[in-house]
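As provided, target-v7.txt (compact mmCIF, C-alpha atoms) reads as follows.
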```txt
# COMPACT_ATOMS: atom_id res chain seq x y z
CA GLY A 1 34.43 -9.61 49.79
CA PRO A 2 35.39 -12.59 47.62
CA ALA A 3 33.18 -13.65 44.75
CA ALA A 4 30.60 -16.39 45.32
CA ASN A 5 32.40 -18.82 42.99
CA THR A 6 35.64 -18.33 44.94
CA ILE A 7 33.89 -19.17 48.21
CA LEU A 8 32.28 -22.27 46.69
CA TYR A 9 35.62 -23.40 45.31
CA HIS A 10 37.18 -23.33 48.78
CA LEU A 11 34.17 -25.03 50.34
CA ARG A 12 34.31 -27.86 47.82
CA THR A 13 38.06 -28.41 47.82
CA LYS A 14 39.29 -27.53 51.33
CA PHE A 15 36.53 -28.77 53.64
CA GLU A 16 36.48 -32.35 54.89
CA PRO A 17 33.09 -33.69 56.10
CA GLU A 18 34.57 -35.44 59.17
CA ARG A 19 36.48 -32.36 60.30
CA LEU A 20 33.46 -30.16 59.64
CA GLU A 21 31.33 -32.42 61.87
CA ARG A 22 33.87 -32.28 64.70
CA VAL A 23 34.14 -28.49 64.59
CA ALA A 24 30.38 -28.10 64.21
CA ASN A 25 29.61 -30.24 67.25
CA THR A 26 32.18 -28.35 69.31
CA LEU A 27 30.54 -25.04 68.37
CA LEU A 28 27.03 -26.37 69.00
CA ARG A 29 27.86 -27.46 72.54
CA GLN A 30 30.30 -24.80 73.71
CA ASP A 31 27.62 -22.43 75.04
CA ILE A 32 24.87 -25.00 75.67
CA VAL A 33 26.62 -26.94 78.44
CA GLU A 34 26.30 -23.95 80.76
CA LEU A 35 22.52 -23.99 80.36
CA LEU A 36 22.05 -27.68 81.10
CA PRO A 37 20.47 -28.50 84.47
CA GLU A 38 21.59 -31.39 86.68
CA GLN A 39 19.10 -33.61 84.85
CA VAL A 40 18.25 -33.15 81.19
CA GLU A 41 15.93 -34.82 78.74
CA VAL A 42 17.38 -35.45 75.28
CA CYS A 43 15.78 -36.16 71.91
CA ALA A 44 17.22 -37.64 68.73
CA ASP A 45 15.81 -37.27 65.23
CA LEU A 46 16.51 -38.54 61.73
CA HIS A 47 15.94 -35.95 58.98
CA LEU A 48 15.61 -37.15 55.38
CA ARG A 49 15.74 -34.53 52.64
CA PRO A 50 14.50 -36.10 49.36
CA TYR A 51 16.79 -36.29 46.33
CA TYR A 52 15.13 -36.28 42.88
CA GLY A 53 18.19 -36.20 40.63
CA ASP A 54 19.85 -38.85 38.48
CA GLU A 55 19.24 -42.31 39.98
CA ASP A 56 22.74 -43.41 38.94
CA ASP A 57 24.40 -40.46 40.71
CA THR A 58 23.58 -41.20 44.35
CA GLU A 59 26.95 -42.40 45.65
CA ASN A 60 27.17 -40.10 48.69
CA LEU A 61 23.47 -40.23 49.55
CA TYR A 62 21.56 -42.22 52.13
CA HIS A 63 19.10 -44.83 50.91
CA SER A 64 15.99 -45.77 52.82
CA GLU A 65 12.41 -46.89 52.29
CA ALA A 66 10.47 -44.96 49.64
CA LYS A 67 9.26 -41.59 50.90
CA ARG A 68 7.94 -38.64 48.91
CA GLY A 69 8.58 -40.49 45.67
CA THR A 70 12.25 -41.38 46.18
CA THR A 71 14.53 -43.76 48.03
CA ALA A 72 17.62 -41.48 48.01
CA PHE A 73 18.09 -38.72 50.57
CA HIS A 74 20.44 -36.13 51.98
CA ALA A 75 20.11 -37.40 55.56
CA TYR A 76 21.12 -36.02 58.95
CA ALA A 77 20.74 -37.15 62.55
CA THR A 78 20.49 -34.57 65.31
CA LEU A 79 20.69 -34.73 69.10
CA TYR A 80 18.83 -32.15 71.16
CA ALA A 81 18.58 -31.24 74.84
CA ARG A 82 15.21 -29.95 75.99
CA VAL A 83 15.65 -27.21 78.57
CA LYS A 84 12.50 -25.45 79.82
CA ASN A 85 10.64 -26.80 76.76
CA LYS A 86 13.19 -25.25 74.39
CA PRO A 87 15.29 -27.52 72.15
CA TYR A 88 19.05 -26.91 71.94
CA THR A 89 21.08 -28.86 69.39
CA LEU A 90 23.98 -30.78 70.91
CA ALA A 91 25.23 -32.71 67.88
CA VAL A 92 24.61 -33.27 64.18
CA ARG A 93 25.68 -36.20 62.06
CA ARG A 94 25.49 -36.67 58.28
CA LEU A 95 24.25 -40.10 57.24
CA GLU A 96 25.62 -42.25 54.43
CA ASP A 97 24.78 -45.73 53.20
CA GLY A 98 25.94 -48.24 55.77
CA ASP A 99 24.97 -46.05 58.71
CA THR A 100 22.31 -47.52 60.96
CA ALA A 101 20.07 -45.97 63.59
CA SER A 102 21.86 -47.96 66.30
CA SER A 103 25.35 -46.84 65.19
CA VAL A 104 24.25 -43.20 65.23
CA LEU A 105 22.56 -43.64 68.61
CA ALA A 106 25.76 -45.19 70.03
CA GLU A 107 27.71 -42.09 68.89
CA PHE A 108 25.14 -39.81 70.49
CA PHE A 109 25.39 -41.76 73.74
CA GLY A 110 29.13 -41.08 73.61
CA VAL A 111 28.32 -37.36 73.46
CA LEU A 112 26.02 -37.69 76.47
CA ASP A 113 28.69 -39.57 78.42
CA GLY A 114 30.96 -36.55 77.97
CA LEU A 115 28.47 -34.10 79.49
CA ASP A 116 28.57 -33.17 83.15
CA THR A 117 24.85 -33.79 83.58
CA GLU A 118 22.52 -36.72 84.18
CA VAL A 119 20.22 -37.93 81.40
CA LYS A 120 16.67 -37.94 82.73
CA ALA A 121 15.16 -39.60 79.66
CA VAL A 122 15.75 -40.22 75.96
CA CYS A 123 12.94 -39.41 73.53
CA LEU A 124 13.45 -40.88 70.04
CA ASP A 125 11.51 -40.73 66.81
CA ARG A 126 10.23 -43.94 65.22
CA GLY A 127 13.33 -44.23 63.02
CA PHE A 128 15.15 -45.55 66.12
CA TYR A 129 12.57 -48.26 66.85
CA ASP A 130 14.50 -51.50 66.40
CA SER A 131 16.02 -54.24 68.53
CA LYS A 132 19.56 -52.80 68.49
CA CYS A 133 18.50 -49.33 69.67
CA LEU A 134 16.32 -50.79 72.42
CA THR A 135 19.20 -53.00 73.53
CA LEU A 136 21.49 -49.93 73.67
CA LEU A 137 18.96 -48.01 75.76
CA GLN A 138 18.64 -50.85 78.23
CA ALA A 139 22.41 -51.34 78.40
CA HIS A 140 22.87 -47.65 79.31
CA ASN A 141 19.94 -47.87 81.74
CA TYR A 142 18.30 -44.81 80.15
CA ALA A 143 14.61 -44.07 80.59
CA TYR A 144 13.06 -43.81 77.12
CA VAL A 145 9.95 -43.25 75.01
CA ILE A 146 9.70 -44.32 71.34
CA PRO A 147 6.59 -44.64 69.14
CA ILE A 148 6.37 -48.19 67.85
CA ILE A 149 6.15 -49.39 64.25
CA ARG A 150 3.52 -52.01 63.48
CA TRP A 151 5.90 -54.83 62.65
CA GLY A 152 4.35 -58.29 62.84
CA LYS A 153 0.85 -59.65 63.23
CA THR A 154 0.96 -59.67 67.03
CA ILE A 155 1.38 -55.92 67.52
CA GLN A 156 -0.92 -55.15 64.59
CA GLN A 157 -3.67 -57.13 66.29
CA GLU A 158 -3.00 -55.42 69.63
CA LEU A 159 -3.49 -52.03 67.96
CA LEU A 160 -6.78 -53.09 66.36
CA GLU A 161 -8.72 -54.02 69.47
CA GLY A 162 -9.17 -53.35 73.15
CA TRP A 163 -8.74 -50.17 75.18
CA SER A 164 -5.80 -48.41 76.80
CA ARG A 165 -3.43 -50.86 78.45
CA VAL A 166 0.20 -51.90 78.93
CA ILE A 167 1.54 -55.08 77.31
CA GLN A 168 4.89 -56.82 77.09
CA HIS A 169 6.37 -57.04 73.60
CA ASP A 170 9.67 -58.18 72.09
CA LEU A 171 11.79 -57.74 68.98
CA THR A 172 14.37 -60.13 67.63
CA GLY A 173 17.68 -58.88 66.27
CA LYS A 174 20.47 -60.53 64.29
CA LEU A 175 24.17 -59.69 64.09
CA ASP A 176 26.97 -61.78 62.52
CA GLY A 177 24.77 -64.84 62.49
CA HIS A 178 23.76 -64.48 66.14
CA SER A 179 20.24 -63.56 67.18
CA TRP A 180 18.82 -62.17 70.42
CA THR A 181 15.48 -60.98 71.73
CA VAL A 182 14.86 -57.74 73.59
CA GLU A 183 11.72 -57.39 75.70
CA PHE A 184 10.08 -54.11 76.66
CA PRO A 185 6.71 -52.68 77.75
CA VAL A 186 4.39 -51.11 75.18
CA TYR A 187 1.88 -48.50 76.34
CA ILE A 188 -1.22 -48.44 74.13
CA ASP A 189 -3.25 -45.25 74.52
CA CYS A 190 -6.74 -45.10 73.00
CA THR A 191 -8.89 -42.06 72.23
CA TYR A 192 -12.13 -41.44 70.37
CA LEU A 193 -11.60 -39.50 67.12
CA ASN A 194 -15.05 -37.84 67.25
CA GLY A 195 -14.79 -36.50 63.71
CA LYS A 196 -11.19 -35.28 64.00
CA TYR A 197 -9.65 -35.23 60.54
CA ASP A 198 -13.10 -36.34 59.32
CA LYS A 199 -12.60 -39.70 61.00
CA HIS A 200 -14.55 -41.61 63.61
CA GLY A 201 -13.89 -44.58 65.83
CA VAL A 202 -10.90 -45.24 68.09
CA ALA A 203 -7.31 -44.09 67.52
CA ARG A 204 -4.70 -46.32 69.15
CA HIS A 205 -1.16 -45.08 69.74
CA GLY A 206 1.61 -47.43 70.86
CA TYR A 207 4.82 -46.39 72.63
CA ALA A 208 7.79 -48.44 73.73
CA ALA A 209 8.46 -46.78 77.08
CA ASP A 210 10.35 -47.50 80.25
CA ALA A 211 10.59 -44.53 82.61
CA PRO A 212 9.76 -43.98 86.31
CA PHE A 213 7.54 -40.98 85.50
CA ILE A 214 5.40 -42.95 83.01
CA GLU A 215 2.74 -45.00 84.77
CA THR A 216 -0.17 -45.01 82.31
CA PRO A 217 -0.61 -45.07 78.51
CA ARG A 218 -1.84 -41.47 78.68
CA ASP A 219 1.41 -40.48 80.44
CA ALA A 220 3.40 -42.01 77.57
CA ARG A 221 1.44 -40.17 74.89
CA TYR A 222 1.48 -36.82 76.69
CA HIS A 223 5.17 -37.07 77.43
CA TYR A 224 6.03 -37.91 73.84
CA ALA A 225 3.80 -35.05 72.65
CA LYS A 226 6.26 -32.62 74.29
CA ARG A 227 8.74 -33.68 71.63
CA PHE A 228 6.75 -31.84 68.96
CA GLY A 229 8.76 -28.75 69.89
CA ILE A 230 11.64 -30.59 68.22
CA GLU A 231 9.56 -31.02 65.09
CA SER A 232 8.85 -27.28 64.99
CA SER A 233 12.57 -26.68 65.50
CA TYR A 234 13.27 -28.78 62.41
CA ARG A 235 10.69 -26.80 60.40
CA LEU A 236 12.36 -23.60 61.59
CA SER A 237 15.74 -24.89 60.41
CA GLU A 238 14.18 -25.42 56.97
CA GLN A 239 13.37 -21.69 56.90
CA ALA A 240 16.80 -20.66 58.21
CA ILE A 241 18.86 -22.86 55.89
CA ALA A 242 20.54 -21.43 52.79
CA THR A 243 18.93 -22.43 49.51
CA THR A 244 21.14 -24.53 47.26
CA THR A 245 21.01 -27.00 44.39
CA THR A 246 24.51 -28.39 44.97
CA ARG A 247 24.92 -32.11 45.58
CA ASP A 248 28.22 -31.57 47.37
CA ALA A 249 27.72 -33.29 50.74
CA THR A 250 30.15 -31.04 52.62
CA VAL A 251 28.57 -27.79 51.43
CA ARG A 252 25.10 -29.03 52.27
CA LEU A 253 26.27 -30.14 55.72
CA LEU A 254 27.80 -26.71 56.31
CA TYR A 255 24.46 -25.04 55.53
CA VAL A 256 22.65 -27.39 57.93
CA VAL A 257 25.20 -26.63 60.67
CA VAL A 258 24.83 -22.88 60.21
CA SER A 259 21.03 -23.11 60.45
CA LEU A 260 21.30 -25.14 63.67
CA LEU A 261 23.84 -22.71 65.13
CA LEU A 262 21.55 -19.78 64.33
CA GLN A 263 18.74 -21.45 66.27
CA ASN A 264 20.97 -22.17 69.26
CA VAL A 265 22.30 -18.61 69.35
CA TRP A 266 18.79 -17.19 69.09
CA ARG A 267 17.45 -19.32 71.94
CA ILE A 268 20.45 -18.58 74.16
CA SER A 269 20.15 -14.84 73.52
CA THR A 270 16.40 -14.76 74.21
CA THR A 271 16.88 -16.84 77.36
CA ASN A 272 19.48 -14.42 78.72
CA MET A 273 17.65 -11.21 77.83
CA TRP A 274 16.95 -8.94 80.77
CA ARG A 275 13.32 -8.44 81.69
CA ARG A 276 12.18 -4.85 81.78
CA PRO A 277 11.42 -3.83 85.38
CA ALA A 278 7.73 -3.60 86.21
CA VAL A 279 6.27 -0.11 86.37
CA ALA A 280 5.42 0.81 89.96
CA GLY A 281 1.72 0.66 90.72
CA VAL A 282 0.84 -1.05 87.42
CA ALA A 283 -0.47 -4.56 87.73
CA SER A 284 -2.25 -7.05 85.55
CA GLY A 285 -4.92 -9.53 86.61
CA GLY A 286 -4.21 -11.49 89.77
CA GLY A 287 -1.97 -8.77 91.18
CA ARG A 288 1.00 -9.68 88.96
CA THR A 289 3.07 -6.80 87.60
CA LYS A 290 3.55 -6.42 83.86
CA SER A 291 6.96 -7.25 82.44
CA SER A 292 8.35 -7.49 78.95
```

Go through the file and emit its structure as structure tokens.
Amino acid sequence: GPAANTILYHLRTKFEPERLERVANTLLRQDIVELLPEQVEVCADLHLRPYYGDEDDTENLYHSEAKRGTTAFHAYATLYARVKNKPYTLAVRRLEDGDTASSVLAEFFGVLDGLDTEVKAVCLDRGFYDSKCLTLLQAHNYAYVIPIIRWGKTIQQELLEGWSRVIQHDLTGKLDGHSWTVEFPVYIDCTYLNGKYDKHGVARHGYAADAPFIETPRDARYHYAKRFGIESSYRLSEQAIATTTTRDATVRLLYVVVSLLLQNVWRISTTNMWRRPAVAGVASGGGRTKSS
């Protein structure tokens, strides 16, 4: 096979990030669409990989609030479909300065519009909690669940007192000198810590949610908790990704795509594996036969 330096040379000089994204998203979806049911729940995440290099050499990086001791990141947004509690990646997008959560979400909604399936609900991480994203969700009439960020004294006070309840809240957005307000329900779920994490008192969790299957604050928290399978999927991608120190954005994107493809292929293959026939006369508890 070719030498490693030869491969890296071609990756750095003959790969275009935009074309790589298009091909990657085609590959990610080509086998997934057959697995999608008539209704599917989707999740979107923002992944920030910290950059600790030269502060003056961050041209192609994404800048955000300080996290893990830096404000510069190799950043990616991913769209997943959750089928039988298993996450399948539908799209990946590299983030650069100038990208916003709402612009990425609008692109992902374009992907969903192209699928021959109905979106049951959209589950987003807190990076998508802003007025523009909420306006997009309402415009598309999607059911949604998003953990809120404690912006403003009003919501901070709501999360400091009282018990589980549903309140109306609003956020104000601005664009090209024009402002608007988006209103939405917030489900506040309260639980006693009882020494968990060496803490006591009441833990209050707030979720911006609007879905027919969410009636109580506990419903909102439990439903969002299902999304943690996506978090474990991200941790798995960290283990499956190739190790590199390169700052080349295209090469790093390629490695992310390969790790996501590996996960999709693995889940598809394990879903389609044949079960071993049960041995006649052998049964486990409850009269059910053993199977592999």

Subject >> Contact residues around Ala121 in chain A with only C-alpha atoms at 7 Å, ignoring same-chain residues under 6 positions, as a ChimeraX atom specification >> reply: /A:41-42,142-144

Original post:
Of the candidates A:His178, A:His74, A:Arg126, A:Lys132, which shows the shortest atom-to-atom distance to Ala44 in chain A, using all atoms listed in the file?
Top reply: A:Arg126

**OP:** Select, counting all atoms listed in the file, all protein, DNA and RNA residues no farther than 12 Å from (19.6, -50.8, 76.2) in file coordinates, and express the selection as number ranges by chain.
**Re:** A: 102, 105-106, 109, 122, 129-144, 181-184, 209-210

Subject >> Within 12 Å of Arg227 in chain A using all atoms listed in the file, minus same-chain residues under 2 positions, as number ranges by chain >> reply: A: 41-45, 80-83, 85-87, 121-125, 145-147, 220-225, 229-234

Set the distance at 8 Å and use only C-alpha atoms: which residues neighbour range 89-92 of chain A once local chain neighbours fewer than 5 positions away are removed? I'd like the list as a compact mmCIF listing (two decimals) with C-alpha atoms, keeping the file's coordinate frame.
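Okay, this is what ended up in part_12.txt:
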```txt
# COMPACT_ATOMS: atom_id res chain seq x y z
CA GLU A 21 31.33 -32.42 61.87
CA ALA A 24 30.38 -28.10 64.21
CA ASN A 25 29.61 -30.24 67.25
CA LEU A 28 27.03 -26.37 69.00
CA ARG A 29 27.86 -27.46 72.54
CA ILE A 32 24.87 -25.00 75.67
CA TYR A 76 21.12 -36.02 58.95
CA ALA A 77 20.74 -37.15 62.55
CA THR A 78 20.49 -34.57 65.31
CA LEU A 79 20.69 -34.73 69.10
CA TYR A 80 18.83 -32.15 71.16
CA ALA A 81 18.58 -31.24 74.84
CA PHE A 108 25.14 -39.81 70.49
CA VAL A 111 28.32 -37.36 73.46
CA VAL A 257 25.20 -26.63 60.67
CA LEU A 260 21.30 -25.14 63.67
CA LEU A 261 23.84 -22.71 65.13
CA ASN A 264 20.97 -22.17 69.26
```

Original post:
Which residue gives the smallest distance to Ser103 in chain A among A:Val202, A:Phe128, A:Tyr52, A:Leu115, with all atoms listed in the file counted?
Top reply: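 Under the stated criterion, the closest residue is A:Phe128.
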
**OP:** For CA of Leu171 in chain A and CA of Phe213 in chain A, determine how far apart the two atoms are, in Å to one decimal place.
**Re:**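 Those two atoms sit 23.9 Å apart.
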
**OP:** Could you tell me how far CA of Leu159 in chain A lies from CA of Ile188 in chain A, in Å and to one decimal?
**Re:**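 CA of Leu159 in chain A sits 7.5 Å away from CA of Ile188 in chain A.
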
Original post:
Quick one: residues within 9 Å of Tyr255 in chain A, all atoms listed in the file counted, chain neighbours fewer than 5 positions away excluded, as number ranges by chain?
Top reply: A: 241-244, 250, 260

Neighbouring residues of Gln39 in chain A were defined as those with any atom within 8 Å, considering only C-alpha atoms; residues of the same chain fewer than 3 positions away were excluded. Please report them as a PDB file with C-alpha atoms, keeping the file's coordinate frame.
```pdb
ATOM      1  CA  LEU A  36      22.050 -27.680  81.100  1.00  0.00           C
ATOM      2  CA  THR A 117      24.850 -33.790  83.580  1.00  0.00           C
ATOM      3  CA  GLU A 118      22.520 -36.720  84.180  1.00  0.00           C
ATOM      4  CA  VAL A 119      20.220 -37.930  81.400  1.00  0.00           C
ATOM      5  CA  LYS A 120      16.670 -37.940  82.730  1.00  0.00           C
TER       6      LYS A 120
END
```

Subject >> Å distance separating CA of Pro50 in chain A from CA of Asp248 in chain A, one decimal place >> reply: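 Rounded to one decimal, the two atoms are 14.6 Å apart.
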
**OP:** Counting only C-alpha atoms, figure out which residue out of A:Ser64, A:Ser259, A:Asn194, A:Ser164 gets nearest to Gly127 in chain A.
**Re:** A:Ser64

Original post:
Given the choices A:Glu161, A:Asp99, A:Asp176, A:Asp170, which gets closest to His205 in chain A if the distance is worked out from only C-alpha atoms?
Top reply: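 Closest candidate: A:Glu161.
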